[in-house]
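A.B. asks: This is the content of work-v8.cif (mmCIF, C-alpha atoms):
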data_data
#
loop_
_atom_site.label_atom_id
_atom_site.label_comp_id
_atom_site.auth_asym_id
_atom_site.auth_seq_id
_atom_site.Cartn_x
_atom_site.Cartn_y
_atom_site.Cartn_z
CA MET Y 57 -59.72 -41.13 6.28
CA ARG Y 58 -60.55 -44.38 4.51
CA ILE Y 59 -59.06 -44.73 1.03
CA ILE Y 60 -59.95 -47.66 -1.22
CA ASP Y 61 -57.65 -48.27 -4.17
CA VAL Y 62 -59.31 -50.27 -6.97
CA ASN Y 63 -56.00 -51.39 -8.40
CA GLU Y 64 -55.80 -53.67 -11.43
CA PHE Y 65 -51.99 -53.36 -11.42
CA TYR Y 66 -51.51 -54.73 -7.90
CA SER Y 67 -50.08 -58.24 -7.63
CA PRO Y 68 -48.24 -60.08 -4.82
CA SER Y 69 -45.45 -60.78 -7.33
CA GLY Y 70 -45.61 -57.35 -8.94
CA GLY Y 71 -42.95 -54.68 -9.08
CA GLY Y 72 -43.08 -50.93 -8.47
CA VAL Y 73 -46.84 -50.64 -7.95
CA ARG Y 74 -46.85 -53.39 -5.30
CA THR Y 75 -43.86 -51.83 -3.54
CA TYR Y 76 -45.51 -48.42 -3.58
CA VAL Y 77 -48.92 -49.61 -2.38
CA ASP Y 78 -47.59 -51.88 0.38
CA ARG Y 79 -45.41 -49.14 1.78
CA LYS Y 80 -48.17 -46.51 1.51
CA MET Y 81 -50.55 -48.81 3.37
CA GLY Y 82 -48.26 -48.94 6.39
CA ILE Y 83 -47.48 -45.22 6.32
CA LEU Y 84 -51.14 -44.22 6.17
CA ALA Y 85 -51.95 -46.58 9.05
CA GLY Y 86 -49.28 -44.84 11.10
CA MET Y 87 -50.89 -41.49 10.25
CA GLY Y 88 -54.28 -42.73 11.47
CA HIS Y 89 -55.74 -43.42 8.02
CA GLU Y 90 -56.76 -46.67 6.36
CA LEU Y 91 -55.83 -47.89 2.89
CA ILE Y 92 -57.71 -50.86 1.46
CA VAL Y 93 -56.79 -52.31 -1.92
CA ILE Y 94 -59.23 -54.15 -4.18
CA ALA Y 95 -57.12 -56.23 -6.55
CA PRO Y 96 -57.81 -59.00 -9.08
CA GLY Y 97 -56.91 -62.47 -7.84
CA ARG Y 98 -57.21 -66.12 -8.67
CA ASP Y 99 -59.87 -66.46 -5.98
CA ASP Y 100 -61.82 -64.34 -3.50
CA ARG Y 101 -59.80 -63.76 -0.34
CA VAL Y 102 -58.67 -61.07 2.08
CA ASP Y 103 -55.09 -60.36 3.08
CA GLU Y 104 -55.09 -58.48 6.38
CA ARG Y 105 -51.94 -56.50 7.07
CA PRO Y 106 -50.65 -56.57 10.66
CA GLY Y 107 -49.71 -52.89 10.60
CA GLY Y 108 -53.11 -51.81 9.28
CA GLY Y 109 -54.96 -51.99 5.98
CA ARG Y 110 -55.80 -54.95 3.83
CA VAL Y 111 -55.88 -56.29 0.29
CA ILE Y 112 -59.22 -57.68 -0.89
CA TYR Y 113 -58.70 -60.01 -3.83
CA VAL Y 114 -61.66 -60.41 -6.19
CA LYS Y 115 -61.63 -63.44 -8.47
CA ALA Y 116 -60.89 -62.24 -11.98
CA PRO Y 117 -59.40 -63.57 -15.22
CA GLY Y 118 -55.67 -63.42 -15.64
CA MET Y 119 -53.86 -61.12 -18.02
CA PRO Y 120 -53.21 -63.07 -21.25
CA PHE Y 121 -49.53 -62.14 -21.60
CA ASP Y 122 -48.46 -61.81 -17.97
CA ALA Y 123 -49.68 -64.33 -15.42
CA ASN Y 124 -48.59 -62.08 -12.54
CA TYR Y 125 -51.60 -59.82 -13.12
CA GLY Y 126 -55.37 -60.04 -13.49
CA LEU Y 127 -58.08 -58.06 -15.25
CA PHE Y 128 -61.27 -56.71 -13.74
CA TRP Y 129 -64.49 -56.95 -15.70
CA ASP Y 130 -67.52 -57.54 -13.47
CA ALA Y 131 -68.55 -54.35 -11.65
CA ALA Y 132 -70.87 -56.04 -9.14
CA PRO Y 133 -68.32 -57.44 -6.65
CA ILE Y 134 -66.32 -54.20 -6.68
CA ASN Y 135 -69.42 -52.09 -6.07
CA ARG Y 136 -70.57 -54.40 -3.26
CA ILE Y 137 -67.26 -53.92 -1.46
CA LEU Y 138 -67.30 -50.15 -1.99
CA ASP Y 139 -70.90 -49.89 -0.77
CA ALA Y 140 -70.14 -51.92 2.34
CA LEU Y 141 -66.95 -50.04 3.28
CA ASP Y 142 -68.17 -46.51 2.44
CA PRO Y 143 -64.75 -44.91 1.72
CA ASP Y 144 -63.87 -41.24 1.86
CA VAL Y 145 -61.73 -41.59 -1.29
CA VAL Y 146 -61.79 -44.15 -4.11
CA GLU Y 147 -58.55 -44.33 -6.08
CA ASN Y 148 -58.02 -45.97 -9.45
CA CYS Y 149 -55.02 -46.14 -11.76
CA SER Y 150 -56.14 -48.39 -14.64
CA PRO Y 151 -57.51 -46.60 -17.72
CA TRP Y 152 -59.66 -49.56 -18.69
CA ARG Y 153 -62.66 -51.26 -17.11
CA PRO Y 154 -61.96 -50.28 -13.44
CA ALA Y 155 -61.97 -46.57 -14.35
CA TRP Y 156 -65.45 -46.81 -15.81
CA ILE Y 157 -66.65 -48.77 -12.76
CA VAL Y 158 -65.29 -46.18 -10.33
CA GLY Y 159 -66.26 -43.20 -12.51
CA ALA Y 160 -69.89 -44.33 -12.70
CA ARG Y 161 -70.32 -44.30 -8.93
CA GLY Y 162 -72.19 -41.58 -7.10
CA GLY Y 163 -72.10 -40.91 -3.38
CA ARG Y 164 -69.92 -38.89 -1.08
CA ALA Y 165 -66.51 -40.39 -1.87
CA ILE Y 166 -63.90 -38.37 -3.70
CA LYS Y 167 -62.99 -40.16 -6.94
CA SER Y 168 -59.29 -39.97 -7.72
CA PHE Y 169 -57.54 -41.17 -10.86
CA PHE Y 170 -53.84 -41.68 -10.14
CA MET Y 171 -51.75 -41.95 -13.32
CA HIS Y 172 -48.83 -44.35 -12.86
CA ASN Y 173 -48.05 -44.87 -16.55
CA ASP Y 174 -48.72 -43.62 -20.06
CA ASN Y 175 -49.90 -46.22 -22.53
CA MET Y 176 -49.04 -43.97 -25.48
CA GLU Y 177 -45.35 -44.10 -24.51
CA ALA Y 178 -45.25 -47.60 -23.04
CA TYR Y 179 -47.05 -49.37 -25.87
CA ALA Y 180 -48.04 -47.49 -29.05
CA LYS Y 181 -44.76 -45.59 -29.47
CA ARG Y 182 -42.68 -48.60 -28.42
CA TRP Y 183 -44.48 -51.01 -30.77
CA LEU Y 184 -44.25 -48.66 -33.75
CA GLU Y 185 -40.93 -46.93 -33.05
CA LYS Y 186 -39.25 -48.50 -36.10
CA LEU Y 187 -42.08 -47.51 -38.44
CA ALA Y 188 -42.72 -43.84 -37.72
CA PRO Y 189 -41.51 -40.84 -35.67
CA GLY Y 190 -43.03 -40.32 -32.24
CA GLU Y 191 -45.03 -37.27 -33.32
CA THR Y 192 -46.64 -39.23 -36.16
CA ILE Y 193 -47.56 -42.07 -33.79
CA GLU Y 194 -49.10 -39.59 -31.35
CA ARG Y 195 -51.26 -38.12 -34.10
CA GLY Y 196 -52.33 -41.59 -35.20
CA PHE Y 197 -53.31 -42.51 -31.65
CA ALA Y 198 -54.95 -39.20 -30.73
CA TRP Y 199 -58.13 -41.23 -30.24
CA TYR Y 200 -56.55 -42.57 -27.03
CA ASP Y 201 -56.21 -39.09 -25.56
CA ARG Y 202 -59.83 -38.37 -26.49
CA TYR Y 203 -60.76 -41.62 -24.76
CA LEU Y 204 -58.87 -40.48 -21.64
CA ALA Y 205 -60.76 -37.18 -21.66
CA ARG Y 206 -64.10 -39.04 -21.52
CA LEU Y 207 -62.84 -41.51 -18.93
CA LEU Y 208 -61.43 -38.83 -16.61
CA ALA Y 209 -64.43 -36.49 -16.75
CA PRO Y 210 -66.32 -38.02 -13.77
CA PHE Y 211 -63.27 -37.99 -11.48
CA ASP Y 212 -62.84 -35.28 -8.85
CA THR Y 213 -59.08 -35.21 -9.27
CA VAL Y 214 -56.47 -36.52 -11.69
CA LEU Y 215 -52.97 -37.05 -10.32
CA THR Y 216 -49.63 -38.10 -11.79
CA ASN Y 217 -46.74 -39.75 -10.02
CA GLY Y 218 -44.07 -37.35 -11.22
CA PRO Y 219 -43.17 -34.35 -13.38
CA ALA Y 220 -42.14 -36.42 -16.42
CA LEU Y 221 -45.63 -37.88 -16.76
CA THR Y 222 -47.28 -34.52 -16.14
CA ARG Y 223 -45.29 -32.95 -18.97
CA ARG Y 224 -46.08 -35.76 -21.38
CA LEU Y 225 -49.81 -35.74 -20.69
CA THR Y 226 -50.34 -31.97 -20.60
CA ALA Y 227 -48.40 -31.62 -23.87
CA ARG Y 228 -51.05 -33.85 -25.44
CA GLY Y 229 -53.92 -31.97 -23.82
CA VAL Y 230 -54.72 -34.64 -21.21
CA ARG Y 231 -56.11 -33.32 -17.93
CA VAL Y 232 -53.79 -33.31 -14.90
CA ASP Y 233 -54.87 -31.57 -11.68
CA GLU Y 234 -51.83 -32.23 -9.48
CA THR Y 235 -48.35 -33.75 -9.68
CA MET Y 236 -47.99 -36.04 -6.67
CA THR Y 237 -44.34 -37.09 -6.97
CA LEU Y 238 -43.65 -40.48 -5.42
CA GLY Y 239 -41.05 -41.18 -2.75
CA VAL Y 240 -39.01 -44.11 -1.48
CA ASP Y 241 -38.53 -45.80 1.87
CA ARG Y 242 -35.56 -43.79 3.06
CA SER Y 243 -35.79 -45.45 6.49
CA ALA Y 244 -34.71 -48.77 4.91
CA LEU Y 245 -32.31 -47.48 2.23
CA SER Y 246 -28.95 -45.97 3.06
CA PRO Y 247 -25.34 -45.80 1.80
CA THR Y 248 -24.36 -47.23 5.19
CA HIS Y 249 -25.69 -50.63 4.09
CA ARG Y 250 -22.75 -51.10 1.72
CA ASP Y 251 -21.28 -54.55 2.32
CA LEU Y 252 -17.97 -55.28 0.63
CA GLY Y 253 -18.31 -58.98 1.44
CA LEU Y 254 -21.66 -59.14 -0.32
CA ARG Y 255 -20.22 -57.17 -3.22
CA ALA Y 256 -17.35 -59.66 -3.59
CA SER Y 257 -19.82 -62.56 -3.42
CA LEU Y 258 -21.99 -61.08 -6.20
CA LEU Y 259 -18.94 -60.45 -8.36
CA ALA Y 260 -17.79 -64.03 -7.77
CA GLN Y 261 -21.17 -65.26 -8.97
CA CYS Y 262 -20.54 -63.20 -12.11
CA GLY Y 263 -17.17 -64.94 -12.50
CA LEU Y 264 -15.17 -61.85 -11.54
CA PRO Y 265 -12.70 -60.90 -8.77
CA PRO Y 266 -13.34 -58.22 -6.14
CA GLU Y 267 -11.31 -55.74 -8.18
CA ALA Y 268 -13.95 -55.77 -10.94
CA ASN Y 269 -16.93 -53.41 -11.26
CA LEU Y 270 -20.40 -54.50 -10.14
CA LEU Y 271 -23.56 -53.25 -11.83
CA VAL Y 272 -27.03 -54.04 -10.52
CA ALA Y 273 -30.36 -53.74 -12.37
CA LEU Y 274 -33.84 -54.31 -11.03
CA GLY Y 275 -37.27 -54.71 -12.64
CA ARG Y 276 -39.85 -56.94 -14.30
CA HIS Y 277 -38.78 -58.91 -17.35
CA HIS Y 278 -41.04 -56.95 -19.67
CA PRO Y 279 -40.29 -55.45 -23.11
CA GLU Y 280 -40.74 -51.87 -21.87
CA LYS Y 281 -37.79 -52.35 -19.49
CA ARG Y 282 -35.38 -52.61 -22.46
CA TRP Y 283 -33.26 -55.34 -20.86
CA PRO Y 284 -31.68 -56.42 -24.18
CA VAL Y 285 -30.27 -52.88 -24.52
CA VAL Y 286 -28.84 -53.06 -20.99
CA ILE Y 287 -27.36 -56.52 -21.57
CA ASP Y 288 -25.83 -55.50 -24.89
CA ALA Y 289 -24.35 -52.38 -23.28
CA VAL Y 290 -22.75 -54.38 -20.46
CA GLU Y 291 -21.32 -56.92 -22.90
CA ARG Y 292 -19.86 -54.14 -25.06
CA ALA Y 293 -18.34 -52.44 -22.02
CA GLY Y 294 -17.01 -55.78 -20.80
CA ALA Y 295 -14.79 -56.05 -23.86
CA SER Y 296 -12.48 -53.39 -22.39
CA LEU Y 297 -13.05 -53.45 -18.62
CA PRO Y 298 -14.03 -56.03 -16.01
CA VAL Y 299 -17.72 -55.50 -15.28
CA GLY Y 300 -20.44 -57.83 -14.04
CA LEU Y 301 -24.21 -57.37 -14.05
CA VAL Y 302 -26.72 -58.77 -11.56
CA LEU Y 303 -30.22 -58.41 -13.04
CA MET Y 304 -32.99 -59.05 -10.49
CA GLY Y 305 -36.56 -59.71 -11.57
CA LYS Y 306 -38.90 -62.04 -13.42
CA GLY Y 307 -41.77 -61.79 -15.86
CA MET Y 308 -43.07 -62.60 -19.31
CA ARG Y 309 -39.59 -62.40 -20.92
CA THR Y 310 -37.63 -64.38 -18.33
CA ARG Y 311 -37.02 -67.36 -20.59
CA GLN Y 312 -35.87 -65.18 -23.47
CA LEU Y 313 -33.53 -63.23 -21.21
CA ALA Y 314 -32.15 -66.43 -19.71
CA ARG Y 315 -31.32 -67.68 -23.19
CA ARG Y 316 -29.82 -64.31 -24.07
CA VAL Y 317 -27.39 -64.26 -21.12
CA ALA Y 318 -26.58 -67.97 -21.16
CA SER Y 319 -23.39 -67.29 -23.11
CA SER Y 320 -22.50 -64.12 -21.21
CA PRO Y 321 -19.76 -65.01 -18.72
CA HIS Y 322 -20.33 -62.04 -16.40
CA ILE Y 323 -24.12 -61.47 -16.43
CA ARG Y 324 -26.43 -63.27 -14.03
CA LEU Y 325 -30.22 -63.30 -13.65
CA PHE Y 326 -31.51 -63.35 -10.08
CA GLN Y 327 -35.05 -63.84 -8.79
CA PRO Y 328 -36.72 -60.73 -7.33
CA VAL Y 329 -35.58 -59.92 -3.80
CA TYR Y 330 -38.67 -59.20 -1.68
CA ASP Y 331 -36.75 -58.98 1.60
CA ARG Y 332 -36.31 -55.22 1.89
CA PRO Y 333 -33.23 -55.22 4.18
CA GLN Y 334 -31.46 -57.63 1.83
CA LEU Y 335 -32.41 -55.55 -1.21
CA ALA Y 336 -31.10 -52.44 0.54
CA ARG Y 337 -27.75 -54.18 1.10
CA ILE Y 338 -27.54 -55.26 -2.55
CA LEU Y 339 -28.33 -51.78 -3.87
CA ALA Y 340 -25.80 -50.11 -1.58
CA SER Y 341 -23.13 -52.71 -2.38
CA ALA Y 342 -23.21 -52.14 -6.15
CA ASP Y 343 -20.73 -49.85 -7.88
CA GLY Y 344 -23.43 -48.65 -10.25
CA PHE Y 345 -27.14 -49.05 -10.95
CA ILE Y 346 -28.05 -49.35 -14.64
CA HIS Y 347 -31.53 -48.80 -16.06
CA GLY Y 348 -33.06 -49.24 -19.50
CA ASN Y 349 -36.69 -48.11 -19.36
CA ASP Y 350 -37.17 -44.79 -21.14
CA THR Y 351 -40.99 -44.67 -20.97
CA GLU Y 352 -41.72 -44.98 -17.25
CA PRO Y 353 -43.02 -41.76 -15.68
CA PHE Y 354 -41.21 -42.05 -12.34
CA GLY Y 355 -37.92 -43.81 -11.65
CA LEU Y 356 -38.88 -45.61 -8.43
CA VAL Y 357 -36.11 -48.23 -8.45
CA VAL Y 358 -33.62 -45.62 -9.66
CA SER Y 359 -34.58 -43.40 -6.72
CA GLU Y 360 -34.13 -46.39 -4.41
CA ALA Y 361 -30.65 -46.95 -5.81
CA LEU Y 362 -29.74 -43.30 -5.32
CA ALA Y 363 -31.13 -43.36 -1.78
CA SER Y 364 -28.65 -46.24 -1.26
CA GLY Y 365 -25.78 -44.02 -2.38
CA THR Y 366 -25.25 -45.88 -5.65
CA PRO Y 367 -24.18 -44.02 -8.83
CA LEU Y 368 -26.54 -44.26 -11.80
CA ILE Y 369 -26.44 -45.08 -15.52
CA VAL Y 370 -29.78 -44.15 -17.11
CA PRO Y 371 -31.32 -43.23 -20.50
CA ASP Y 372 -31.75 -39.60 -21.48
CA VAL Y 373 -35.57 -39.57 -21.33
CA GLY Y 374 -38.20 -40.80 -18.89
CA GLY Y 375 -38.63 -40.86 -15.15
CA ALA Y 376 -35.14 -42.23 -14.49
CA PHE Y 377 -33.60 -39.22 -16.20
CA GLU Y 378 -35.44 -36.97 -13.74
CA VAL Y 379 -33.44 -38.55 -10.90
CA ALA Y 380 -30.00 -38.21 -12.51
CA ALA Y 381 -27.46 -35.41 -12.08
CA PRO Y 382 -23.89 -35.12 -13.43
CA ASP Y 383 -22.28 -35.41 -9.99
CA TYR Y 384 -23.36 -39.04 -9.57
CA ALA Y 385 -24.76 -40.27 -12.91
CA GLU Y 386 -23.90 -40.99 -16.52
CA ILE Y 387 -26.51 -40.60 -19.25
CA TYR Y 388 -26.83 -42.52 -22.51
CA HIS Y 389 -29.07 -42.27 -25.55
CA ALA Y 390 -32.23 -44.29 -24.91
CA ARG Y 391 -32.39 -47.69 -26.67
CA ASP Y 392 -28.75 -47.34 -27.80
CA ALA Y 393 -26.50 -50.12 -26.44
CA LYS Y 394 -23.35 -48.55 -27.88
CA SER Y 395 -24.12 -45.30 -26.06
CA GLY Y 396 -24.92 -47.32 -22.93
CA ALA Y 397 -21.53 -49.05 -23.09
CA ALA Y 398 -19.80 -45.67 -23.38
CA ALA Y 399 -21.72 -44.46 -20.31
CA ILE Y 400 -20.57 -47.51 -18.33
CA ALA Y 401 -16.97 -46.84 -19.35
CA ARG Y 402 -17.27 -43.18 -18.35
CA LEU Y 403 -18.72 -44.04 -14.96
CA PHE Y 404 -15.93 -46.44 -14.06
CA ALA Y 405 -13.25 -44.10 -15.42
CA ARG Y 406 -14.25 -41.51 -12.82
CA ASP Y 407 -12.78 -41.12 -9.32
CA GLN Y 408 -14.83 -43.84 -7.60
CA PRO Y 409 -14.58 -42.58 -3.98
CA ALA Y 410 -15.57 -39.08 -5.09
CA LEU Y 411 -18.42 -40.50 -7.18
CA ARG Y 412 -19.79 -42.47 -4.23
CA ARG Y 413 -19.50 -39.43 -1.95
CA ALA Y 414 -21.57 -37.43 -4.43
CA ALA Y 415 -24.20 -40.17 -4.62
CA ALA Y 416 -24.27 -40.49 -0.83
CA ALA Y 417 -24.74 -36.73 -0.50
CA ALA Y 418 -27.66 -36.87 -2.96
CA ALA Y 419 -29.23 -39.82 -1.09
CA SER Y 420 -30.46 -37.61 1.73
CA GLY Y 421 -32.32 -35.42 -0.76
CA VAL Y 422 -34.39 -38.22 -2.30
CA ARG Y 423 -38.08 -37.62 -1.56
CA SER Y 424 -39.40 -40.00 1.09
CA ASP Y 425 -42.63 -41.93 0.80
CA GLU Y 426 -43.75 -40.35 4.08
CA GLU Y 427 -43.53 -36.95 2.40
CA HIS Y 428 -45.48 -38.28 -0.57
CA ALA Y 429 -48.19 -39.80 1.63
CA ALA Y 430 -48.58 -36.59 3.66
CA ALA Y 431 -48.96 -34.53 0.47
CA LEU Y 432 -51.51 -36.98 -0.93
CA VAL Y 433 -53.63 -37.03 2.24
CA GLY Y 434 -53.51 -33.23 2.39
CA HIS Y 435 -54.76 -33.02 -1.20
CA TYR Y 436 -57.61 -35.42 -0.50
CA GLN Y 437 -58.54 -33.61 2.71
CA ARG Y 438 -58.89 -30.33 0.85
CA LEU Y 439 -61.12 -31.99 -1.75
CA ILE Y 440 -63.28 -33.59 0.94
CA GLU Y 441 -63.71 -30.29 2.76
CA GLY Y 442 -64.53 -28.53 -0.49
CA LYS Y 443 -67.17 -31.12 -1.34
CA ARG Y 444 -68.71 -30.80 2.13
CA ALA Y 445 -68.82 -27.00 1.81
CA MET Y 446 -70.57 -27.24 -1.55
CA ALA Y 447 -73.11 -29.69 -0.13
CA ALA Y 448 -73.78 -27.40 2.82
#
Just dump the structure as structure tokens.
C.D. replies:
Amino acid sequence: MRIIDVNEFYSPSGGGVRTYVDRKMGILAGMGHELIVIAPGRDDRVDERPGGGRVIYVKAPGMPFDANYGLFWDAAPINRILDALDPDVVENCSPWRPAWIVGARGGRAIKSFFMHNDNMEAYAKRWLEKLAPGETIERGFAWYDRYLARLLAPFDTVLTNGPALTRRLTARGVRVDETMTLGVDRSALSPTHRDLGLRASLLAQCGLPPEANLLVALGRHHPEKRWPVVIDAVERAGASLPVGLVLMGKGMRTRQLARRVASSPHIRLFQPVYDRPQLARILASADGFIHGNDTEPFGLVVSEALASGTPLIVPDVGGAFEVAAPDYAEIYHARDAKSGAAAIARLFARDQPALRRAAAAAASGVRSDEEHAAALVGHYQRLIEGKRAMAA
């Protein structure tokens, strides 16, 4: 099976989408399938992957507020590539120009829209949260759901990346055909990667001794990640217990975050760690993983932390909340730093060896990306066979 993903959200310096796509490309190659990504780039070029698959960059304008990403507009180069490669499935996840390009195509390929986010939650409700209740904002932006209905009509299947997103969309009457819950690379992530020397080194960089508590956070420096809430929570908790935070990532708010933590003695910003074995060691070596985003539909990095046997501190809504359980997590009210600080205090007041044993036990139950890929291919295969039967 040849799958082509027309992916406006893919970037070499991106976050969860890049991690997901790169890993899926290798898994599908191992299963005898081919994944090709068409992504916006600064120039036209092809990135061949040694394990199979490739990324075809099409020159496109950059995103105005985030230089890591580009925006498709011209349909011609995308259609030329699709015509030449004749895929079995064309995937798309952007609800803007690429969806209309893919949706307008005829031919034999299955057209799949894969929802990775919800703009109602990520943008409209976040921008206006101080002005009106969520239900009022939803009614005011009902035009967006009507837009989605028109956009999705030509697609053969509409998928979401997890149950949280499915519930949100179906509650608003948006079409969802299948929940295709994502997975993580469990072959690379494990509680056995815990490194007390690395932990002590990270705490030292936070100006703390090995006896202190180490929190790790991971994600783009974007407003939807709610990093100011996380930072405020750690500072509040730090008034009564020794706790350091290592925040890994970069993005449109890096300068603001750097200024924000400049006076924080025990919080450090780190560049993204793209070396997967090193990232696995960092995640497993933390005493807790803290997360702020309450709008994301699937907690990919939170699932990676849990697969590393690391206890969690997450908000009470969103994809991260789906991953949490009382045995190994503490929950706080979304966007509430005071509640977040209380959750940090509760986590470190617990029996730490027992807490880590619970997280390690849960690690083996985290869905793998191999399981996700097999389910996805099976879904596409059924659609392909159904389309062939109808044509016959």
A.B. asks: How close does each residue of range 338-380 of chain Y get to range 398-410 of chain Y, giving the shortest atom pair and distance in Å to one decimal for every residue with an atom at most 12 Å away, counting only C-alpha atoms, sorted by chain and residue number, as a Markdown table?
C.D. replies:
| residue | atom | partner | partner_atom | distance |
| --- | --- | --- | --- | --- |
| Y:Ala342 | CA | Y:Gln408 | CA | 11.9 |
| Y:Asp343 | CA | Y:Gln408 | CA | 8.4 |
| Y:Gly344 | CA | Y:Leu403 | CA | 8.1 |
| Y:Phe345 | CA | Y:Ile400 | CA | 10.0 |
| Y:Ile346 | CA | Y:Ile400 | CA | 8.5 |
| Y:His347 | CA | Y:Ile400 | CA | 11.3 |
| Y:Gly365 | CA | Y:Pro409 | CA | 11.4 |
| Y:Thr366 | CA | Y:Gln408 | CA | 10.8 |
| Y:Pro367 | CA | Y:Leu403 | CA | 8.2 |
| Y:Leu368 | CA | Y:Leu403 | CA | 8.4 |
| Y:Ile369 | CA | Y:Ala399 | CA | 6.8 |
| Y:Val370 | CA | Y:Ala399 | CA | 8.7 |
| Y:Pro371 | CA | Y:Ala399 | CA | 9.7 |
| Y:Asp372 | CA | Y:Ala399 | CA | 11.2 |
A.B. asks: For the residues selected in the previous step, produce a file with C-alpha atoms as a PDB file, in the coordinates of the input.
C.D. replies:
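Okay, this is what ended up in selection18.pdb:
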ATOM      1  CA  ALA Y 342     -23.210 -52.140  -6.150  1.00  0.00           C
ATOM      2  CA  ASP Y 343     -20.730 -49.850  -7.880  1.00  0.00           C
ATOM      3  CA  GLY Y 344     -23.430 -48.650 -10.250  1.00  0.00           C
ATOM      4  CA  PHE Y 345     -27.140 -49.050 -10.950  1.00  0.00           C
ATOM      5  CA  ILE Y 346     -28.050 -49.350 -14.640  1.00  0.00           C
ATOM      6  CA  HIS Y 347     -31.530 -48.800 -16.060  1.00  0.00           C
ATOM      7  CA  GLY Y 365     -25.780 -44.020  -2.380  1.00  0.00           C
ATOM      8  CA  THR Y 366     -25.250 -45.880  -5.650  1.00  0.00           C
ATOM      9  CA  PRO Y 367     -24.180 -44.020  -8.830  1.00  0.00           C
ATOM     10  CA  LEU Y 368     -26.540 -44.260 -11.800  1.00  0.00           C
ATOM     11  CA  ILE Y 369     -26.440 -45.080 -15.520  1.00  0.00           C
ATOM     12  CA  VAL Y 370     -29.780 -44.150 -17.110  1.00  0.00           C
ATOM     13  CA  PRO Y 371     -31.320 -43.230 -20.500  1.00  0.00           C
ATOM     14  CA  ASP Y 372     -31.750 -39.600 -21.480  1.00  0.00           C
TER      15      ASP Y 372
END
A.B. asks: Quick check, in Å to one decimal: how far apart do CA of Asp78 in chain Y and CA of Ile60 in chain Y lie?
C.D. replies: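 Separation of CA of Asp78 in chain Y and CA of Ile60 in chain Y: 13.2 Å.
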A.B. asks: Starting from the PyMOL selection byres ((chain Y and resi 276) around 12), expand the selection into actual residues of this file and give them as a compact mmCIF listing (two decimals) with C-alpha atoms, in the coordinates of the input.
C.D. replies:
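So the final result, stored in selection_39.txt, reads:
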# COMPACT_ATOMS: atom_id res chain seq x y z
CA SER Y 69 -45.45 -60.78 -7.33
CA GLY Y 70 -45.61 -57.35 -8.94
CA GLY Y 71 -42.95 -54.68 -9.08
CA GLY Y 72 -43.08 -50.93 -8.47
CA VAL Y 73 -46.84 -50.64 -7.95
CA ARG Y 74 -46.85 -53.39 -5.30
CA ASP Y 122 -48.46 -61.81 -17.97
CA ASN Y 124 -48.59 -62.08 -12.54
CA ALA Y 273 -30.36 -53.74 -12.37
CA LEU Y 274 -33.84 -54.31 -11.03
CA GLY Y 275 -37.27 -54.71 -12.64
CA HIS Y 277 -38.78 -58.91 -17.35
CA HIS Y 278 -41.04 -56.95 -19.67
CA PRO Y 279 -40.29 -55.45 -23.11
CA GLU Y 280 -40.74 -51.87 -21.87
CA LYS Y 281 -37.79 -52.35 -19.49
CA ARG Y 282 -35.38 -52.61 -22.46
CA TRP Y 283 -33.26 -55.34 -20.86
CA LEU Y 303 -30.22 -58.41 -13.04
CA MET Y 304 -32.99 -59.05 -10.49
CA GLY Y 305 -36.56 -59.71 -11.57
CA LYS Y 306 -38.90 -62.04 -13.42
CA GLY Y 307 -41.77 -61.79 -15.86
CA MET Y 308 -43.07 -62.60 -19.31
CA ARG Y 309 -39.59 -62.40 -20.92
CA THR Y 310 -37.63 -64.38 -18.33
CA LEU Y 313 -33.53 -63.23 -21.21
CA LEU Y 325 -30.22 -63.30 -13.65
CA PHE Y 326 -31.51 -63.35 -10.08
CA GLN Y 327 -35.05 -63.84 -8.79
CA PRO Y 328 -36.72 -60.73 -7.33
CA VAL Y 329 -35.58 -59.92 -3.80
CA HIS Y 347 -31.53 -48.80 -16.06
CA GLY Y 348 -33.06 -49.24 -19.50
CA ASN Y 349 -36.69 -48.11 -19.36
CA VAL Y 357 -36.11 -48.23 -8.45
A.B. asks: Excluding same-chain residues fewer than 4 positions from Arg98 in chain Y, what lies within 12 Å of it counting all atoms listed in the file, as an MDAnalysis selection string?
C.D. replies: chainID Y and resid 67:68 102 112:119 123:128
A.B. asks: Take the residues that were just selected and, keeping C-alpha atoms, output them as a PDB file, in the coordinates of the input.
C.D. replies:
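In the end it all went to out_29.pdb:
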ATOM      1  CA  SER Y  67     -50.080 -58.240  -7.630  1.00  0.00           C
ATOM      2  CA  PRO Y  68     -48.240 -60.080  -4.820  1.00  0.00           C
ATOM      3  CA  VAL Y 102     -58.670 -61.070   2.080  1.00  0.00           C
ATOM      4  CA  ILE Y 112     -59.220 -57.680  -0.890  1.00  0.00           C
ATOM      5  CA  TYR Y 113     -58.700 -60.010  -3.830  1.00  0.00           C
ATOM      6  CA  VAL Y 114     -61.660 -60.410  -6.190  1.00  0.00           C
ATOM      7  CA  LYS Y 115     -61.630 -63.440  -8.470  1.00  0.00           C
ATOM      8  CA  ALA Y 116     -60.890 -62.240 -11.980  1.00  0.00           C
ATOM      9  CA  PRO Y 117     -59.400 -63.570 -15.220  1.00  0.00           C
ATOM     10  CA  GLY Y 118     -55.670 -63.420 -15.640  1.00  0.00           C
ATOM     11  CA  MET Y 119     -53.860 -61.120 -18.020  1.00  0.00           C
ATOM     12  CA  ALA Y 123     -49.680 -64.330 -15.420  1.00  0.00           C
ATOM     13  CA  ASN Y 124     -48.590 -62.080 -12.540  1.00  0.00           C
ATOM     14  CA  TYR Y 125     -51.600 -59.820 -13.120  1.00  0.00           C
ATOM     15  CA  GLY Y 126     -55.370 -60.040 -13.490  1.00  0.00           C
ATOM     16  CA  LEU Y 127     -58.080 -58.060 -15.250  1.00  0.00           C
ATOM     17  CA  PHE Y 128     -61.270 -56.710 -13.740  1.00  0.00           C
TER      18      PHE Y 128
END
